[in-house]
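Participant: Below is the file protein_21.txt, with compact mmCIF, C-alpha atoms and all ligand atoms.
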```txt
# COMPACT_ATOMS: atom_id res chain seq x y z
CA MET V 131 29.00 48.37 87.18
CA ALA V 132 29.31 44.70 87.93
CA LEU V 133 32.35 43.83 90.00
CA LEU V 134 34.97 41.84 88.16
CA PRO V 135 35.80 38.55 89.79
CA VAL V 136 39.22 38.88 91.36
CA THR V 137 41.59 36.04 92.10
CA THR V 138 44.50 36.73 94.40
CA HIS V 139 47.96 35.36 93.67
CA ASP V 140 47.77 33.00 96.68
CA GLN V 141 44.41 31.68 95.50
CA LEU V 142 45.83 31.00 92.08
CA ILE V 143 48.77 29.01 93.47
CA ARG V 144 46.36 26.96 95.53
CA SER V 145 44.05 26.06 92.68
CA LYS V 146 47.02 25.28 90.41
CA ALA V 147 48.35 22.87 93.04
CA ARG V 148 45.10 20.98 92.81
CA GLU V 149 44.66 21.18 89.04
CA ASN V 150 48.19 19.96 88.31
CA SER V 151 48.23 17.33 91.01
CA LEU V 152 49.27 13.78 90.12
CA CYS V 153 46.95 12.34 92.76
CA PRO V 154 43.47 13.83 92.14
CA GLN V 155 41.86 10.84 93.87
CA ILE V 156 43.38 11.93 97.21
CA TRP V 157 42.07 15.47 96.82
CA ALA V 158 38.63 13.98 96.12
CA LEU V 159 38.84 11.87 99.29
CA LEU V 160 39.77 14.96 101.30
CA ASP V 161 36.65 16.70 100.02
CA THR V 162 34.80 14.58 102.57
CA VAL V 163 36.77 16.13 105.44
CA THR V 164 34.86 19.09 106.86
CA ASP V 165 35.30 21.73 109.52
CA PRO V 166 33.97 20.09 112.73
CA GLU V 167 32.31 23.34 113.75
CA ILE V 168 30.74 24.00 110.33
CA PRO V 169 30.17 20.49 109.01
CA VAL V 170 28.77 21.65 105.66
CA ILE V 171 32.02 23.08 104.36
CA SER V 172 34.98 20.97 103.24
CA ILE V 173 38.56 21.90 104.12
CA TRP V 174 39.16 22.63 100.44
CA ASP V 175 36.21 25.02 100.18
CA LEU V 176 37.22 26.63 103.47
CA GLY V 177 40.69 27.32 102.07
CA VAL V 178 42.54 25.27 104.68
CA LEU V 179 43.78 22.51 102.37
CA GLN V 180 46.85 23.71 100.46
CA ASP V 181 48.59 20.79 98.85
CA VAL V 182 48.78 17.01 98.62
CA ILE V 183 52.04 15.25 97.79
CA GLU V 184 52.19 11.52 97.15
CA GLN V 185 55.63 9.92 97.18
CA ALA V 186 55.87 6.13 96.98
CA SER V 187 53.66 4.97 99.85
CA ARG V 188 53.83 8.24 101.74
CA VAL V 189 51.20 10.99 101.54
CA GLU V 190 51.86 14.48 102.81
CA VAL V 191 48.89 16.80 103.28
CA VAL V 192 49.65 20.49 103.71
CA ILE V 193 47.17 22.67 105.59
CA THR V 194 47.09 26.28 106.78
CA PRO V 195 45.38 27.04 110.10
CA THR V 196 42.47 29.48 110.12
CA TYR V 197 43.07 31.09 113.54
CA SER V 198 46.11 30.55 115.79
CA GLY V 199 43.95 29.31 118.62
CA CYS V 200 41.33 27.45 116.61
CA PRO V 201 40.71 24.15 118.42
CA ALA V 202 39.19 22.67 115.24
CA MET V 203 42.59 22.43 113.57
CA ARG V 204 43.71 19.43 115.59
CA GLU V 205 40.47 17.64 114.86
CA ILE V 206 40.84 18.39 111.14
CA GLU V 207 44.32 16.84 111.22
CA GLN V 208 42.96 13.68 112.83
CA ASP V 209 40.10 13.51 110.33
CA ILE V 210 42.52 13.78 107.41
CA CYS V 211 44.59 10.87 108.74
CA LYS V 212 41.51 8.79 109.47
CA THR V 213 39.96 9.37 106.05
CA LEU V 214 43.12 8.52 104.13
CA LYS V 215 43.98 5.50 106.26
CA ARG V 216 40.49 4.13 105.75
CA ALA V 217 41.10 4.41 102.00
CA GLY V 218 44.28 2.37 102.30
CA TYR V 219 46.97 5.03 102.62
CA SER V 220 49.03 3.81 105.52
CA HIS V 221 51.68 6.49 105.81
CA VAL V 222 49.99 9.89 106.14
CA GLU V 223 51.63 13.03 107.41
CA VAL V 224 49.90 16.37 107.95
CA THR V 225 52.13 19.42 107.87
CA THR V 226 51.17 22.96 108.78
CA ARG V 227 52.10 25.86 106.56
CA LEU V 228 51.86 29.27 108.20
CA SER V 229 52.87 31.49 105.30
CA PRO V 230 51.07 32.97 103.48
CA ALA V 231 48.60 33.31 106.32
CA TRP V 232 45.10 31.98 105.72
CA SER V 233 42.61 34.43 104.31
CA THR V 234 38.84 34.20 103.89
CA ASP V 235 39.53 35.17 100.27
CA TRP V 236 40.60 31.55 99.79
CA MET V 237 37.11 30.31 100.50
CA SER V 238 35.47 28.98 97.35
CA LYS V 239 32.25 30.26 95.84
CA GLN V 240 30.63 26.95 96.64
CA GLY V 241 31.88 27.20 100.22
CA LYS V 242 30.30 30.63 100.61
CA GLN V 243 26.98 29.30 99.29
CA GLN V 244 27.15 26.36 101.71
CA LEU V 245 27.71 28.74 104.62
CA MET V 246 24.73 30.83 103.54
CA ASP V 247 22.50 27.72 103.32
CA PHE V 248 23.72 26.67 106.76
CA GLY V 249 22.65 30.02 108.23
CA ILE V 250 26.02 31.77 108.42
CA ALA V 251 26.56 34.96 106.44
CA PRO V 252 29.66 34.42 104.25
CA PRO V 253 32.69 36.73 104.43
CA THR V 254 33.01 39.77 102.20
CA PRO V 255 36.13 39.76 100.02
CA THR V 256 38.85 41.64 101.96
CA TRP V 257 39.25 44.25 99.21
CA GLN V 258 35.58 45.25 99.37
CA VAL V 259 33.55 47.23 101.89
CA ARG V 260 32.03 44.85 104.40
CA LYS V 261 28.57 43.81 103.22
CA VAL V 262 26.65 41.45 105.44
CA ILE V 263 23.64 39.59 104.07
CA CYS V 264 21.09 38.05 106.42
CA PRO V 265 21.06 34.30 105.70
CA GLN V 266 17.36 34.13 106.64
CA CYS V 267 15.83 36.88 104.51
CA ALA V 268 18.76 38.22 102.44
CA SER V 269 18.34 41.73 103.85
CA THR V 270 21.45 43.87 104.03
CA ASP V 271 19.98 46.06 106.76
CA ASN V 272 21.56 44.69 109.92
CA SER V 273 23.58 45.68 112.96
CA LEU V 274 26.63 44.28 114.68
CA ILE V 275 26.00 42.78 118.11
CA SER V 276 29.55 41.60 118.79
CA GLU V 277 32.84 41.40 116.88
CA PHE V 278 33.20 37.87 118.25
CA GLY V 279 30.61 35.14 117.80
CA SER V 280 30.35 31.52 118.87
CA THR V 281 33.79 30.64 117.44
CA ALA V 282 36.95 32.58 116.59
CA CYS V 283 35.99 32.87 112.93
CA LYS V 284 32.59 34.49 113.42
CA ALA V 285 30.99 37.77 114.47
CA LEU V 286 27.44 38.18 115.74
CA TYR V 287 24.86 40.26 113.84
CA LYS V 288 21.17 41.03 114.08
CA CYS V 289 18.93 41.49 111.05
CA ASN V 290 16.87 44.68 111.24
CA ASP V 291 14.23 43.28 108.89
CA CYS V 292 13.45 39.77 110.12
CA LEU V 293 14.97 40.48 113.58
CA GLU V 294 16.89 37.18 113.64
CA ALA V 295 20.36 37.09 115.16
CA PHE V 296 22.93 35.35 112.97
CA ASP V 297 26.64 34.55 112.66
CA TYR V 298 28.81 36.34 110.12
CA PHE V 299 32.01 34.66 108.98
CA LYS V 300 34.41 37.54 109.52
CA CYS V 301 36.89 38.32 106.82
CA ILE V 302 40.61 38.31 107.54
CA MET I 228 78.35 24.74 111.88
CA SER I 229 80.05 28.05 112.56
CA ASN I 230 80.20 29.63 115.96
CA THR I 231 78.11 32.66 115.04
CA GLU I 232 75.49 30.45 113.47
CA SER I 233 75.05 28.46 116.64
CA THR I 234 74.98 31.60 118.80
CA THR I 235 72.30 33.05 116.53
CA ARG I 236 70.27 29.87 116.86
CA GLU I 237 70.53 29.95 120.66
CA ASN I 238 69.47 33.58 120.72
CA THR I 239 66.56 32.91 118.38
CA LEU I 240 65.47 30.11 120.68
CA GLU I 241 65.46 32.44 123.68
CA TYR I 242 63.73 35.14 121.64
CA SER I 243 60.94 32.71 120.68
CA ILE I 244 60.50 31.62 124.27
CA GLY I 245 60.17 35.25 125.39
CA LEU I 246 57.54 36.05 122.76
CA GLY I 247 55.75 32.80 123.55
CA ASP I 248 55.75 33.62 127.27
CA ASP I 249 54.26 37.07 126.61
CA SER I 250 51.38 35.46 124.71
CA LEU I 251 50.84 32.59 127.11
CA MET I 252 50.63 34.78 130.21
CA LEU I 253 48.08 37.12 128.65
CA GLY I 254 46.12 34.20 127.17
CA GLN I 255 45.95 32.62 130.62
CA ARG I 256 44.86 35.89 132.22
CA LEU I 257 42.13 36.49 129.64
CA ALA I 258 40.86 32.95 130.10
CA GLU I 259 40.06 33.89 133.69
CA TRP I 260 37.17 35.95 132.28
CA CYS I 261 35.57 32.84 130.80
CA ARG I 262 32.08 32.63 132.38
CA ASN I 263 32.84 35.77 134.45
CA ALA I 264 32.51 38.48 131.81
CA PRO I 265 29.85 41.19 132.27
CA LEU I 266 27.75 39.84 129.39
CA LEU I 267 27.58 36.74 127.25
CA GLU I 268 28.96 38.39 124.10
CA GLU I 269 31.96 39.63 126.07
CA ASP I 270 32.48 36.20 127.54
CA LEU I 271 32.72 34.78 124.02
CA ALA I 272 34.88 37.60 122.76
CA ILE I 273 37.42 37.46 125.59
CA SER I 274 37.62 33.67 125.40
CA ASN I 275 38.26 33.87 121.66
CA VAL I 276 40.99 36.44 122.13
CA ALA I 277 42.48 34.27 124.89
CA LEU I 278 42.62 31.35 122.45
CA ASP I 279 44.41 33.50 119.88
CA PHE I 280 47.10 34.38 122.44
CA ILE I 281 47.50 30.77 123.58
CA GLY I 282 47.64 29.69 119.94
CA ARG I 283 50.43 32.11 119.14
CA ALA I 284 52.35 31.00 122.24
CA ASN I 285 52.05 27.48 120.86
CA MET I 286 53.54 28.56 117.51
CA PHE I 287 56.52 30.27 119.19
CA TYR I 288 57.14 27.27 121.48
CA GLU I 289 56.91 24.85 118.55
CA TYR I 290 59.67 26.79 116.87
CA ALA I 291 61.68 26.76 120.12
CA VAL I 292 61.29 22.99 120.37
CA GLU I 293 62.69 22.59 116.84
CA LEU I 294 65.60 24.92 117.50
CA ALA I 295 66.41 23.12 120.76
CA LYS I 296 66.86 19.87 118.85
CA VAL I 297 69.92 21.46 117.25
CA THR I 298 71.17 23.76 120.00
CA GLY I 299 70.72 21.34 122.89
CA GLY I 300 70.76 23.06 126.28
CA VAL I 301 67.98 23.20 128.85
CA PHE I 302 65.15 22.79 126.35
CA LYS I 303 66.63 19.78 124.58
CA ASN I 304 64.08 16.97 124.24
CA GLN I 305 61.37 19.12 125.77
CA SER I 306 57.85 19.31 124.37
CA VAL I 307 55.74 22.43 123.93
CA ASP I 308 53.80 21.43 127.06
CA ASP I 309 57.02 21.02 129.06
CA ILE I 310 58.07 24.52 128.09
CA ALA I 311 54.67 26.02 128.79
CA TYR I 312 53.88 24.27 132.04
CA LEU I 313 56.97 22.96 133.78
CA ARG I 314 59.22 25.94 134.37
CA ASP I 315 59.53 27.96 137.57
CA SER I 316 58.79 31.65 137.77
CA ARG I 317 62.37 32.84 137.28
CA GLU I 318 62.61 30.85 134.04
CA TYR I 319 59.70 32.67 132.38
CA LEU I 320 60.81 35.60 130.26
CA ASN I 321 57.51 37.44 129.76
CA LEU I 322 57.23 41.19 130.16
CA LEU I 323 55.44 42.21 133.35
CA ILE I 324 52.39 43.82 131.76
CA PHE I 325 51.29 40.40 130.46
CA GLU I 326 51.23 38.76 133.89
CA MET I 327 49.31 41.45 135.79
CA PRO I 328 45.95 40.26 137.18
CA ILE I 329 42.74 40.90 135.24
CA GLY I 330 41.52 43.57 137.65
CA ASP I 331 38.10 44.91 136.71
CA PHE I 332 36.77 45.02 133.15
CA ALA I 333 38.18 48.53 132.62
CA TYR I 334 41.63 47.34 133.66
CA THR I 335 41.47 44.34 131.34
CA MET I 336 40.34 46.44 128.38
CA THR I 337 42.94 49.12 129.04
CA ARG I 338 45.70 46.54 129.01
CA GLN I 339 44.25 45.11 125.79
CA LEU I 340 44.30 48.54 124.19
CA ILE I 341 47.94 49.13 125.22
CA VAL I 342 49.02 45.67 124.10
CA ASP I 343 46.97 45.48 120.89
CA LEU I 344 48.28 48.85 119.72
CA PHE I 345 51.80 47.69 120.45
CA ASN I 346 51.32 44.26 118.87
CA VAL I 347 50.00 45.60 115.58
CA ASP I 348 53.21 47.57 115.06
CA TYR I 349 55.45 44.90 116.56
CA PHE I 350 54.15 42.06 114.41
CA THR I 351 54.11 44.26 111.32
CA ALA I 352 57.84 44.71 111.88
CA LEU I 353 58.45 41.05 112.78
CA SER I 354 56.65 39.88 109.65
CA ALA I 355 59.63 41.37 107.77
CA SER I 356 62.13 39.41 109.92
CA SER I 357 64.97 37.69 108.07
CA ASP I 358 63.98 34.55 110.01
CA SER I 359 61.25 33.15 107.78
CA ARG I 360 59.57 31.15 110.52
CA LEU I 361 59.23 34.14 112.84
CA ALA I 362 58.03 36.20 109.88
CA ALA I 363 55.31 33.63 109.13
CA ILE I 364 54.10 33.49 112.73
CA ALA I 365 54.04 37.29 112.83
CA ALA I 366 52.04 37.60 109.61
CA LYS I 367 49.40 35.24 110.99
CA THR I 368 49.34 36.96 114.36
CA LEU I 369 49.12 40.42 112.85
CA LYS I 370 45.76 39.74 111.23
CA GLU I 371 44.34 38.72 114.59
CA SER I 372 45.85 41.64 116.48
CA LYS I 373 44.30 44.12 114.05
CA TYR I 374 40.96 42.55 114.79
CA HIS I 375 41.59 42.59 118.55
CA LEU I 376 42.50 46.28 118.38
CA ARG I 377 39.19 47.21 116.78
CA ARG I 378 37.41 45.91 119.83
CA SER I 379 39.74 47.23 122.56
CA HIS I 380 39.72 50.64 120.89
CA GLU I 381 35.91 50.69 120.87
CA TRP I 382 35.71 49.67 124.52
CA ALA I 383 38.22 52.32 125.55
CA LEU I 384 36.07 55.01 123.96
CA ARG I 385 32.84 53.62 125.31
CA LEU I 386 34.07 53.27 128.88
CA GLY I 387 36.36 56.31 128.97
CA ASP I 388 33.72 58.62 127.56
CA GLY I 389 30.92 56.75 129.31
CA THR I 390 29.45 57.18 132.77
CA GLU I 391 31.24 58.82 135.68
CA GLU I 392 31.84 55.36 137.15
CA SER I 393 33.26 53.84 133.96
CA HIS I 394 35.40 56.92 133.33
CA THR I 395 36.90 56.76 136.84
CA ARG I 396 37.66 53.08 136.50
CA MET I 397 39.30 53.59 133.11
CA GLN I 398 41.42 56.46 134.41
CA ASN I 399 42.53 54.35 137.39
CA ALA I 400 43.42 51.49 135.07
CA VAL I 401 45.47 53.73 132.78
CA ASN I 402 47.31 55.17 135.76
CA GLU I 403 47.99 51.77 137.28
CA LEU I 404 49.21 50.20 134.05
CA TRP I 405 51.28 53.07 132.70
CA GLY I 406 54.47 52.20 134.57
CA TYR I 407 54.52 48.79 132.89
CA THR I 408 54.49 50.22 129.36
CA PRO I 409 58.16 51.36 129.10
CA GLU I 410 59.24 47.71 129.31
CA LEU I 411 57.49 47.06 126.00
CA PHE I 412 60.11 49.25 124.33
CA GLU I 413 63.17 47.96 126.15
CA MET I 414 65.58 45.76 124.21
CA SER I 415 66.96 42.68 125.95
CA GLU I 416 70.53 41.59 125.27
CA THR I 417 69.23 38.70 123.20
CA GLU I 418 67.08 40.99 121.09
CA LEU I 419 69.98 43.39 120.60
CA ALA I 420 72.22 40.53 119.48
CA LEU I 421 69.66 39.47 116.87
CA LEU I 422 69.02 42.96 115.58
CA PRO I 423 71.94 43.42 113.12
CA ALA I 424 70.92 40.29 111.20
CA GLY I 425 67.34 41.59 110.97
CA ILE I 426 65.90 38.73 113.02
CA SER I 427 64.49 40.65 115.99
CA VAL I 428 62.43 43.84 116.08
CA ASP I 429 63.79 47.15 117.31
CA ARG I 430 61.28 47.85 120.08
CA ALA I 431 62.65 51.26 120.92
CA ALA I 432 61.94 52.41 117.36
CA LEU I 433 58.23 51.64 117.81
CA PHE I 434 57.76 54.00 120.75
CA ASP I 435 56.98 57.29 119.00
CA THR I 436 54.20 55.86 116.84
CA TRP I 437 52.70 53.98 119.75
CA GLU I 438 52.87 57.00 122.03
CA ALA I 439 51.18 59.20 119.44
CA ARG I 440 48.41 56.70 118.79
CA VAL I 441 47.70 55.87 122.42
CA SER I 442 47.67 59.57 123.33
CA GLY I 443 45.16 60.20 120.56
CA ILE I 444 42.87 57.46 121.83
CA LEU I 445 43.16 58.57 125.47
CA ASN I 446 42.26 62.06 124.39
CA GLU I 447 39.31 60.83 122.35
CA ALA I 448 38.17 58.78 125.36
CA THR I 449 38.41 61.91 127.59
CA LEU I 450 41.14 60.27 129.67
CA ASP I 451 44.24 62.00 131.00
CA HIS I 452 47.66 60.89 129.85
CA PRO I 453 49.53 59.73 132.98
CA PRO I 454 52.68 61.67 133.87
CA GLY I 455 54.84 58.59 133.48
CA ASP I 456 56.81 59.26 136.66
CA TRP I 457 57.41 55.63 137.56
CA GLN I 458 58.27 52.42 135.75
CA VAL I 459 58.96 48.77 136.49
CA THR I 460 61.00 46.34 134.42
CA GLY I 461 62.63 42.95 134.83
CA GLY I 462 60.38 40.40 133.13
CA ARG I 463 62.83 39.46 130.37
CA ALA I 464 65.43 38.71 133.03
CA GLY I 465 62.98 36.45 134.85
CA VAL I 466 62.25 38.86 137.70
CA HIS I 467 58.50 38.95 138.08
CA THR I 468 55.75 40.53 140.18
CA GLU I 469 54.15 38.79 143.15
CA TYR I 470 51.21 37.88 140.89
CA HIS I 471 53.30 35.64 138.65
CA GLY I 472 53.58 32.71 141.06
CA HIS I 473 49.84 32.67 141.65
CA LEU I 474 49.20 32.63 137.92
CA LEU I 475 51.62 29.72 137.47
CA SER I 476 50.16 27.71 140.33
CA GLU I 477 46.77 27.73 138.66
CA MET I 478 48.05 27.32 135.10
CA GLN I 479 50.48 24.52 135.91
CA PHE I 480 48.28 22.58 138.31
CA LEU I 481 47.18 19.90 135.84
CA GLN I 482 50.66 19.13 134.44
CA ARG I 483 52.18 19.10 137.92
CA ALA I 484 49.47 16.84 139.37
CA TYR I 485 49.31 14.53 136.34
CA PRO I 486 52.73 14.67 134.66
CA GLY I 487 52.63 14.12 130.90
CA LEU I 488 48.86 14.48 130.69
CA ALA I 489 47.76 15.16 127.10
CA TRP I 490 44.41 15.95 125.46
ZN ZN T 1 16.82 38.83 108.00
```
Show how you would write the structure in this file as structure tokens.

Facilitator:
Amino acid sequence: MALLPVTTHDQLIRSKARENSLCPQIWALLDTVTDPEIPVISIWDLGVLQDVIEQASRVEVVITPTYSGCPAMREIEQDICKTLKRAGYSHVEVTTRLSPAWSTDWMSKQGKQQLMDFGIAPPTPTWQVRKVICPQCASTDNSLISEFGSTACKALYKCNDCLEAFDYFKCI
Amino acid sequence: MSNTESTTRENTLEYSIGLGDDSLMLGQRLAEWCRNAPLLEEDLAISNVALDFIGRANMFYEYAVELAKVTGGVFKNQSVDDIAYLRDSREYLNLLIFEMPIGDFAYTMTRQLIVDLFNVDYFTALSASSDSRLAAIAAKTLKESKYHLRRSHEWALRLGDGTEESHTRMQNAVNELWGYTPELFEMSETELALLPAGISVDRAALFDTWEARVSGILNEATLDHPPGDWQVTGGRAGVHTEYHGHLLSEMQFLQRAYPGLAW
């Protein structure tokens, strides 16, 4: 049986915030801001960008951190400010929202494909049994080398078919 | 502002500092393994866990900074860095188990097992706190602690039920650390004061589950449960072990030598 696509409540709120936004042009600008450690994925596709509020000349961008100790978050904040200031928005404020906590379920389908193309196995939805696909040869026969990879968000795997080691974006 | 409201805010501030100090001390200790771990994967893993602990300390201190703007007192106008790096030993409120040295790899992993098991239950409870900010920090932290536990649990089994050498080292570590575990379940006056309003977590109530789970894992890892005939406490009152000052001297060096230095 094919699995039905499932959207969590948090995911729904996020996509509604974007769909109903009065400033779609700012969201589009922010699509150029990427994770500094995985430069192929935008902060929207990663699930970090939550909301954009434009009031008079002031823009507030709401983000949710991936991991508590992720050093990329500060850089993402700076990139958001830089990008919007370059486009003429002079008063930009980035606020952090902790709750609900970030989940890999917020990552978009496109984001998962981009990870795969970049050589990182995308996360399994949290409600499914972990299924890791080798980004080199698409084999699902692999073994875990370490629960922690090169950054906080990744684990290290080895493909038993093509023998390549690869990063898996762990699901939380 | 009513009197009780301001007392609650002051207590919440102290509570946040204590939880932040617990995380910062352990984060600092784990960072000592960076480039010293037994293998590259472990080096990465421990450094990542260290970052999670330092990150959660940052979240608790950020909340403390905001509360101090209203309450005033010693932390008024202080930054997160001031709180983290410019206090003296007696002003840190961390529990003792978090400041103990890294020891050997068995010792480090045993402490992680003890702490991760505790943290999963603690942050589950704190995520239901009536203080929404603490609840949000706890919910974020909980996800990470569950992940940390998977690894420390695996290592405990692998080393405990491993070679004669690894088993001996694990047993020594368990014995040496055991006397620091009762403090995890001891309520400070501040925590007791915050309990009726549902802000703090009742540590004592977590003991039975923790004890049952840790006993199960020790048993599975062929390790003996220590008799528990000694215990040390005092961290929440600012009374620390002789290791604390050494930890601070290394951790605080940069801020002391170059005041106000920022990344
Ligand atoms: Zn492969």

Participant: Go ahead and compute the interatomic distance for CA of Gly443 in chain I and CA of Phe345 in chain I, in Å to one decimal.

Facilitator: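 Distance between the two atoms: 14.2 Å.
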
Participant: Once you count all atoms listed in the file, which residues end up within 7 Å of ligand ZN 1 (chain T), and could you hand them over as a list of chain:residue names?

Facilitator: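 Going residue by residue within 7 Å of ligand ZN 1 (chain T), we get V:Cys264, V:Pro265, V:Gln266, V:Cys267, V:Ala268, V:Ser269, V:Cys289, V:Asn290, V:Asp291, V:Cys292, V:Leu293, V:Glu294.
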
Participant: Restrict the calculation to all atoms listed in the file, then for each residue of chain I with any atom at most 7 Å from an atom of chain V give the closest atom pair and their distance in Å to one decimal, rows by chain and rising residue number, as a tab-separated table.

Facilitator:
```
residue	atom	partner	partner_atom	distance
I:Glu268	CA	V:Ser276	CA	6.2
I:Leu271	CA	V:Ser280	CA	6.5
I:Ala272	CA	V:Phe278	CA	4.8
I:Asn275	CA	V:Ala282	CA	5.4
I:Leu278	CA	V:Gly199	CA	4.5
I:Asp279	CA	V:Gly199	CA	4.4
I:Ile281	CA	V:Gly199	CA	6.3
I:Gly282	CA	V:Gly199	CA	3.9
I:Arg283	CA	V:Ser198	CA	5.7
I:Ala363	CA	V:Ser229	CA	5.0
I:Ile364	CA	V:Leu228	CA	6.6
I:Ala366	CA	V:Ala231	CA	6.4
I:Lys367	CA	V:Ala231	CA	5.1
I:Lys370	CA	V:Ile302	CA	6.5
```

Participant: Of the candidates I:Glu381, I:Asp343, I:Asp331, I:Asp435, which one gets nearest to Met397 in chain I if we count only C-alpha atoms?

Facilitator: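 For Met397 in chain I, the nearest of the candidates is I:Asp331.
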
Participant: Can you tell me how far CA of Leu274 in chain V sits from CA of Pro255 in chain V, in Å to one decimal?

Facilitator: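 Between CA of Leu274 in chain V and CA of Pro255 in chain V the gap is 18.0 Å.
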
Participant: Write out as a VMD selection string the residues lying within 9 Å of range 211-220 of chain V, counting all atoms listed in the file and excluding same-chain residues fewer than 3 positions away.

Facilitator: chain V and resid 156 159 to 160 162 to 163 187 to 189 206 to 208 223 to 224

Participant: Report, in Å with one decimal, the straight-line distance from CA of Thr194 in chain V to CA of Phe296 in chain V.

Facilitator: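 Atom-to-atom, CA of Thr194 in chain V and CA of Phe296 in chain V are spaced 26.5 Å apart.
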
Participant: Write out as a list in words the residues lying within 8 Å of range 303-320 of chain I, counting only C-alpha atoms and excluding same-chain residues fewer than 3 positions away.

Facilitator: Ile244, Gly245, Asp248, Asp249, Leu251, Asn285, Tyr288, Glu289, Val292, Ala295, Lys296, Thr298, Gly299, Gly300, Gly462, Arg463, Ala464, Gly465, Val466, His467, His471, Gly472, Leu475, Met478, Gln479, Gln482 and Arg483 of chain I

Participant: Given all atoms listed in the file as the basis, pick out the residue of V:Ile171, V:Ile210, V:Val178, V:Val191 nearest to Pro252 in chain V.

Facilitator: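 Of all the options, V:Ile171 lies closest to Pro252 in chain V.
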
Participant: Hey, what's within 8 Å of Asn238 in chain I if we count all atoms listed in the file and toss same-chain stuff fewer than 2 positions away? As a VMD selection string, please?

Facilitator: chain I and resid 234 to 236 240 to 242 417 to 418 420 to 421

Participant: Do you know which residues lie at most 10 Å from (28.0, 25.8, 101.0), with coordinates as in the file and all atoms listed in the file counted, and could you write them as a ChimeraX atom specification?

Facilitator: /V:168-172,175-176,238-250,252

Participant: Just want the 7 Å neighbourhood of Val347 in chain I, counted on all atoms listed in the file, with same-chain residues fewer than 5 positions away dropped. Output as a list in words.

Facilitator: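 Counting all atoms listed in the file, the residues come to Leu369, Ser372 and Lys373 of chain I.
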